[in-house]
Amino acid sequence: MTRLLIKNGHLIDPAAPENTGMSVLIEDGKVDAWFSSTDVLPTDCEVFDASGLLVAPGFIDMHVHLREPGQEHKETIASGCAAAVAGGWTSVCPMPNTNPVNDNAAITRYMIEQAAKAGLANVFPIGAITKTSDGTELAEMGEMKAAGAVAVSDDGRPVPNAGIMRRAMQYARDFDLPVIDHCEDKSLSSGGVMHEGRLSLLLGLKGMPALAEEIDAVRDIMLARETGARIHIAHVSTAGAIEAVRRAKADGINVTCEVTPHHFTLTDRVVEGYDTNTKMAPPLRSEEHLTAILEGLKDGTIDAIATDHAPHHADEKALEYDRAPFGITGLETAVGLAFSELVHKGVIDLVRLVELCSVNPARILKLEGRGTLKPGSHGDVTILDPTLEWTYRNSVSRSKSRNSPFDGRSLVGAAIATIVGGRLVFRREA
Ligand SMILES: [Zn+2]
Ligand SMILES: [Zn+2]
């Protein structure tokens with residue numbers, strides 16, 4: 001029997017009244033009990049002293065790319081999980097664009113087994129919507145769900161055909177799986193490498209219009225209304241898409257959405273240096289879109305923060321801007337950016353941070369006993385120091401790839417320790 005007592009932390013669990021000096025006992029992987037400062041604490045257990053720190057239900061990153069199977073030179077499930085726990089994430093959800101694509105139960109099972117071998121973060125795979133994600137024939141969603149998949153998505157290669165997406169939503173609804181869509185109408189964005197606007201003209205780079213995201217988001221919302229499916233818009237980045245989600249929620253449509261740290265931190269201005277670590281899809285947008293994202297985070301339209309961690313080898317990113325692949329790493333910078341850009345600037349409070357990073361991802365993906373530290377739930381805990389000043393360095397990243405635009409960035413706030421199933425899997429060195 002293993003017993004871990006997290007002592008004297010400031011517990012932030014939206015399921016409970018906020019409480020300072022609260023201690024949490026985890027026994028055999030599950031939360032056993034809470035103790036207030038006046039209770040007699042159990043002895044004969046391992047102790048983590050969380051005095052002066054925040055204790056939150058384990059953070060869940062519902063959108064990552066772990067590259068295994070198929071592109072292990074960029075990342076493996078083990079290296080991705082190491083980066084995850086170093087960033088404070090106790091669970092990650094890998095997208096299916098591996099090689100082969102995760103469109104069947106065997107690959108889903110393989111990912112979960114590799115994660116178990118690594119013994120760091122929990123891995124909840126996302127299965128493909130269509131076989132090989134080519135947008136034509138539906139994948140076996142039921143079999144993938146039985147193997148452990150928690151959602152379906154053709155992230156990166158969004159289903160272009162509304163008729164197929166409609167059938168996919170009906171099918172996913174019958175299996176009670178959320179459909180996660182990378183909203184991008186490629187007939188509008190194809191060939192584009194950055195946000196379409198004044199700057200793309202100035203820099204002579206082909207733009208991806210905001211409209212490409214908005215048209216697809218509106219289509220998905222209409223299909224969700226008709227089919228009753230649960231739709232989740234991945235990495236929302238435009239004012240129009242956020243407004244569409246806001247209105248759909250008001251209309252009672254089952255839609256949720258996530259935002260990435262890079263989209264709430266940076267604008268297309270950083271593309272000016274032609275650094276390929278500023279190239280991702282959706283692209284960094286202009287100021288007005290960033291303002292809309294902050295508004296959506298503030299008013300609850302945006303449900304989750306997800307990294308879209310997309311590792312690429314340095315050689316691949318070392319091409320000219322037009323030819324470099326899309327995507328940046330993000331697991332180790334997300335929490336620092338969320339504190340620095342959102343909490344410390346007064347956009348959101350600590351309870352909302354925990355909702356965005358833990359409670360809501362658990363709810364959207366129906367991860368039973370996660371997103372809370374109520375007794376009986378899984379012993380997944382993220383321990384945070386909101387005031388720690390540090391500088392992120394690509395050179396010390398646990399990821400196999402180093403393609404972050406935040407190298408050298410000063411941040412305030414970090415994950416100090418990560419506990420998965422009652423086991424301390426990461427502790428930040430002082
Ligand atoms: Zn995507
Ligand atoms: Zn992605």
# chains A, B, ... in the order shown; residues from 1 in each chain; ligands from 1
>>> residues_around(residues="Ser237 (chain A)", least_positions_apart="6", cutoff="9 Å", atoms="only C-alpha atoms", output="PyMOL selection string")
chain A and resi 210+213+259-260+263-264+282-285+289-290+292-293
>>> write_last_selection(atoms="N, CA, C and O atoms", output="PDB file, in the first residue's frame")
ATOM      1  N   ALA A 210      -8.832  34.144 -41.971  1.00  0.00           N
ATOM      2  CA  ALA A 210      -9.630  33.775 -40.796  1.00  0.00           C
ATOM      3  C   ALA A 210     -10.896  33.038 -41.247  1.00  0.00           C
ATOM      4  O   ALA A 210     -11.378  32.125 -40.577  1.00  0.00           O
ATOM      5  N   GLU A 213     -11.198  29.202 -41.158  1.00  0.00           N
ATOM      6  CA  GLU A 213     -11.561  28.579 -39.875  1.00  0.00           C
ATOM      7  C   GLU A 213     -13.038  28.795 -39.564  1.00  0.00           C
ATOM      8  O   GLU A 213     -13.743  27.883 -39.115  1.00  0.00           O
ATOM      9  N   VAL A 259      -8.171  26.623 -26.742  1.00  0.00           N
ATOM     10  CA  VAL A 259      -7.229  27.587 -27.316  1.00  0.00           C
ATOM     11  C   VAL A 259      -5.817  27.154 -26.915  1.00  0.00           C
ATOM     12  O   VAL A 259      -5.630  26.532 -25.876  1.00  0.00           O
ATOM     13  N   THR A 260      -4.841  27.472 -27.758  1.00  0.00           N
ATOM     14  CA  THR A 260      -3.451  27.132 -27.427  1.00  0.00           C
ATOM     15  C   THR A 260      -2.778  28.327 -26.743  1.00  0.00           C
ATOM     16  O   THR A 260      -3.169  29.481 -26.975  1.00  0.00           O
ATOM     17  N   HIS A 263      -1.583  30.986 -29.224  1.00  0.00           N
ATOM     18  CA  HIS A 263      -2.599  31.892 -29.775  1.00  0.00           C
ATOM     19  C   HIS A 263      -3.077  32.937 -28.771  1.00  0.00           C
ATOM     20  O   HIS A 263      -3.577  33.985 -29.164  1.00  0.00           O
ATOM     21  N   PHE A 264      -2.938  32.653 -27.446  1.00  0.00           N
ATOM     22  CA  PHE A 264      -3.323  33.719 -26.504  1.00  0.00           C
ATOM     23  C   PHE A 264      -2.133  34.601 -26.114  1.00  0.00           C
ATOM     24  O   PHE A 264      -2.271  35.537 -25.337  1.00  0.00           O
ATOM     25  N   PRO A 282      -3.812  26.380 -36.867  1.00  0.00           N
ATOM     26  CA  PRO A 282      -3.996  27.692 -37.478  1.00  0.00           C
ATOM     27  C   PRO A 282      -2.825  28.626 -37.164  1.00  0.00           C
ATOM     28  O   PRO A 282      -2.129  28.433 -36.176  1.00  0.00           O
ATOM     29  N   PRO A 283      -2.656  29.644 -38.022  1.00  0.00           N
ATOM     30  CA  PRO A 283      -1.515  30.549 -37.850  1.00  0.00           C
ATOM     31  C   PRO A 283      -1.745  31.542 -36.715  1.00  0.00           C
ATOM     32  O   PRO A 283      -2.868  31.707 -36.246  1.00  0.00           O
ATOM     33  N   LEU A 284      -0.678  32.184 -36.277  1.00  0.00           N
ATOM     34  CA  LEU A 284      -0.802  33.283 -35.314  1.00  0.00           C
ATOM     35  C   LEU A 284      -1.573  34.396 -36.018  1.00  0.00           C
ATOM     36  O   LEU A 284      -1.285  34.726 -37.165  1.00  0.00           O
ATOM     37  N   ARG A 285      -2.557  34.927 -35.338  1.00  0.00           N
ATOM     38  CA  ARG A 285      -3.452  35.903 -35.966  1.00  0.00           C
ATOM     39  C   ARG A 285      -3.075  37.332 -35.580  1.00  0.00           C
ATOM     40  O   ARG A 285      -2.144  37.562 -34.804  1.00  0.00           O
ATOM     41  N   HIS A 289      -7.854  39.470 -33.230  1.00  0.00           N
ATOM     42  CA  HIS A 289      -8.212  38.082 -32.910  1.00  0.00           C
ATOM     43  C   HIS A 289      -7.703  37.704 -31.520  1.00  0.00           C
ATOM     44  O   HIS A 289      -8.389  37.006 -30.774  1.00  0.00           O
ATOM     45  N   LEU A 290      -6.506  38.174 -31.186  1.00  0.00           N
ATOM     46  CA  LEU A 290      -5.959  37.909 -29.846  1.00  0.00           C
ATOM     47  C   LEU A 290      -6.877  38.506 -28.779  1.00  0.00           C
ATOM     48  O   LEU A 290      -7.179  37.874 -27.762  1.00  0.00           O
ATOM     49  N   ALA A 292     -10.059  38.955 -29.049  1.00  0.00           N
ATOM     50  CA  ALA A 292     -11.267  38.117 -28.987  1.00  0.00           C
ATOM     51  C   ALA A 292     -11.008  36.830 -28.210  1.00  0.00           C
ATOM     52  O   ALA A 292     -11.888  36.332 -27.495  1.00  0.00           O
ATOM     53  N   ILE A 293      -9.798  36.282 -28.333  1.00  0.00           N
ATOM     54  CA  ILE A 293      -9.437  35.064 -27.588  1.00  0.00           C
ATOM     55  C   ILE A 293      -9.449  35.364 -26.085  1.00  0.00           C
ATOM     56  O   ILE A 293     -10.005  34.600 -25.289  1.00  0.00           O
TER      57      ILE A 293
END
>>> select_by_dssp(residues="region 72-240 of chain A", states="helix (DSSP H, G or I)", output="ChimeraX atom specification")
/A:77-86,105-118,131-133,141-147,162-174,186-189,198-203,210-227,239-240
>>> residues_near_ligand(ligand="ligand 1", cutoff="12 Å", atoms="only C-alpha atoms and all ligand atoms", output="ChimeraX atom specification")
/A:62-65,94-97,153-159,180-184,213,232-237,258-260,280-283,306-310,326-328
>>> select_by_dssp(residues="region 44-140 of chain A", states="strand (DSSP E)", output="ChimeraX atom specification")
/A:46-49,54-57,59-64,89-94,122-123,126-127
>>> write_last_selection(atoms="C-alpha atoms", output="CSV table (one decimal), in the first residue's frame")
chain,number,residue,atom,x,y,z
A,46,GLU,CA,5.2,9.7,2.4
A,47,VAL,CA,4.9,13.5,2.7
A,48,PHE,CA,5.0,16.2,0.1
A,49,ASP,CA,5.2,19.6,1.7
A,54,LEU,CA,-1.2,25.6,-5.2
A,55,VAL,CA,-2.5,22.0,-5.3
A,56,ALA,CA,-4.8,21.4,-8.3
A,57,PRO,CA,-6.4,18.3,-9.9
A,59,PHE,CA,-3.8,19.0,-15.7
A,60,ILE,CA,-5.1,17.3,-18.9
A,61,ASP,CA,-3.8,18.4,-22.3
A,62,MET,CA,-6.4,17.3,-24.7
A,63,HIS,CA,-4.4,18.0,-27.8
A,64,VAL,CA,-0.9,16.8,-28.4
A,89,TRP,CA,0.4,17.7,-17.3
A,90,THR,CA,-0.7,14.5,-15.8
A,91,SER,CA,-2.7,13.3,-18.8
A,92,VAL,CA,-2.3,13.9,-22.6
A,93,CYS,CA,-4.4,13.1,-25.6
A,94,PRO,CA,-2.4,12.3,-28.7
A,122,ASN,CA,-1.7,9.0,-18.6
A,123,VAL,CA,-2.2,8.8,-22.3
A,126,ILE,CA,-7.9,10.3,-29.9
A,127,GLY,CA,-8.9,8.0,-32.8
>>> atom_distance(atom1="CA of Ile6 (chain A)", atom2="CA of Gly87 (chain A)")
19.2 Å
>>> decode(residues="region 141-158 of chain A", atoms="N, CA, C and O atoms", output="PDB file, in the first residue's frame")
ATOM      1  N   MET A 141     -15.102   3.529 -34.988  1.00  0.00           N
ATOM      2  CA  MET A 141     -15.051   4.314 -33.747  1.00  0.00           C
ATOM      3  C   MET A 141     -15.342   3.467 -32.517  1.00  0.00           C
ATOM      4  O   MET A 141     -14.716   3.652 -31.470  1.00  0.00           O
ATOM      5  N   GLY A 142     -16.283   2.546 -32.635  1.00  0.00           N
ATOM      6  CA  GLY A 142     -16.659   1.720 -31.482  1.00  0.00           C
ATOM      7  C   GLY A 142     -15.496   0.882 -30.997  1.00  0.00           C
ATOM      8  O   GLY A 142     -15.256   0.775 -29.782  1.00  0.00           O
ATOM      9  N   GLU A 143     -14.754   0.302 -31.939  1.00  0.00           N
ATOM     10  CA  GLU A 143     -13.612  -0.546 -31.560  1.00  0.00           C
ATOM     11  C   GLU A 143     -12.511   0.283 -30.914  1.00  0.00           C
ATOM     12  O   GLU A 143     -11.872  -0.153 -29.963  1.00  0.00           O
ATOM     13  N   MET A 144     -12.285   1.486 -31.466  1.00  0.00           N
ATOM     14  CA  MET A 144     -11.259   2.350 -30.872  1.00  0.00           C
ATOM     15  C   MET A 144     -11.679   2.791 -29.467  1.00  0.00           C
ATOM     16  O   MET A 144     -10.867   2.831 -28.553  1.00  0.00           O
ATOM     17  N   LYS A 145     -12.961   3.088 -29.310  1.00  0.00           N
ATOM     18  CA  LYS A 145     -13.436   3.484 -27.973  1.00  0.00           C
ATOM     19  C   LYS A 145     -13.242   2.328 -26.983  1.00  0.00           C
ATOM     20  O   LYS A 145     -12.762   2.537 -25.862  1.00  0.00           O
ATOM     21  N   ALA A 146     -13.580   1.122 -27.408  1.00  0.00           N
ATOM     22  CA  ALA A 146     -13.411  -0.039 -26.517  1.00  0.00           C
ATOM     23  C   ALA A 146     -11.942  -0.231 -26.141  1.00  0.00           C
ATOM     24  O   ALA A 146     -11.629  -0.695 -25.041  1.00  0.00           O
ATOM     25  N   ALA A 147     -11.042   0.156 -27.056  1.00  0.00           N
ATOM     26  CA  ALA A 147      -9.599   0.016 -26.781  1.00  0.00           C
ATOM     27  C   ALA A 147      -9.053   1.165 -25.932  1.00  0.00           C
ATOM     28  O   ALA A 147      -7.905   1.127 -25.503  1.00  0.00           O
ATOM     29  N   GLY A 148      -9.853   2.219 -25.742  1.00  0.00           N
ATOM     30  CA  GLY A 148      -9.413   3.314 -24.867  1.00  0.00           C
ATOM     31  C   GLY A 148      -9.419   4.702 -25.483  1.00  0.00           C
ATOM     32  O   GLY A 148      -9.020   5.668 -24.828  1.00  0.00           O
ATOM     33  N   ALA A 149      -9.859   4.833 -26.748  1.00  0.00           N
ATOM     34  CA  ALA A 149      -9.913   6.172 -27.359  1.00  0.00           C
ATOM     35  C   ALA A 149     -11.009   6.994 -26.682  1.00  0.00           C
ATOM     36  O   ALA A 149     -12.053   6.451 -26.313  1.00  0.00           O
ATOM     37  N   VAL A 150     -10.760   8.301 -26.519  1.00  0.00           N
ATOM     38  CA  VAL A 150     -11.707   9.149 -25.780  1.00  0.00           C
ATOM     39  C   VAL A 150     -12.411  10.175 -26.672  1.00  0.00           C
ATOM     40  O   VAL A 150     -13.294  10.895 -26.207  1.00  0.00           O
ATOM     41  N   ALA A 151     -12.005  10.256 -27.946  1.00  0.00           N
ATOM     42  CA  ALA A 151     -12.626  11.201 -28.878  1.00  0.00           C
ATOM     43  C   ALA A 151     -12.180  10.792 -30.282  1.00  0.00           C
ATOM     44  O   ALA A 151     -11.331   9.904 -30.425  1.00  0.00           O
ATOM     45  N   VAL A 152     -12.767  11.421 -31.289  1.00  0.00           N
ATOM     46  CA  VAL A 152     -12.291  11.208 -32.663  1.00  0.00           C
ATOM     47  C   VAL A 152     -11.973  12.551 -33.310  1.00  0.00           C
ATOM     48  O   VAL A 152     -12.601  13.565 -33.002  1.00  0.00           O
ATOM     49  N   SER A 153     -10.974  12.525 -34.193  1.00  0.00           N
ATOM     50  CA  SER A 153     -10.561  13.743 -34.882  1.00  0.00           C
ATOM     51  C   SER A 153      -9.729  13.382 -36.111  1.00  0.00           C
ATOM     52  O   SER A 153      -9.025  12.377 -36.100  1.00  0.00           O
ATOM     53  N   ASP A 154      -9.827  14.187 -37.156  1.00  0.00           N
ATOM     54  CA  ASP A 154      -8.883  14.097 -38.270  1.00  0.00           C
ATOM     55  C   ASP A 154      -8.012  15.356 -38.252  1.00  0.00           C
ATOM     56  O   ASP A 154      -7.776  15.992 -39.286  1.00  0.00           O
ATOM     57  N   ASP A 155      -7.529  15.705 -37.059  1.00  0.00           N
ATOM     58  CA  ASP A 155      -6.736  16.922 -36.879  1.00  0.00           C
ATOM     59  C   ASP A 155      -5.647  17.033 -37.945  1.00  0.00           C
ATOM     60  O   ASP A 155      -4.928  16.076 -38.217  1.00  0.00           O
ATOM     61  N   GLY A 156      -5.541  18.203 -38.525  1.00  0.00           N
ATOM     62  CA  GLY A 156      -4.537  18.437 -39.558  1.00  0.00           C
ATOM     63  C   GLY A 156      -5.065  18.168 -40.962  1.00  0.00           C
ATOM     64  O   GLY A 156      -4.641  18.812 -41.914  1.00  0.00           O
ATOM     65  N   ARG A 157      -5.959  17.187 -41.058  1.00  0.00           N
ATOM     66  CA  ARG A 157      -6.577  16.891 -42.360  1.00  0.00           C
ATOM     67  C   ARG A 157      -8.095  16.896 -42.190  1.00  0.00           C
ATOM     68  O   ARG A 157      -8.750  15.864 -42.316  1.00  0.00           O
ATOM     69  N   PRO A 158      -8.668  18.071 -41.890  1.00  0.00           N
ATOM     70  CA  PRO A 158     -10.091  18.127 -41.543  1.00  0.00           C
ATOM     71  C   PRO A 158     -10.989  17.595 -42.660  1.00  0.00           C
ATOM     72  O   PRO A 158     -10.711  17.805 -43.839  1.00  0.00           O
TER      73      PRO A 158
END
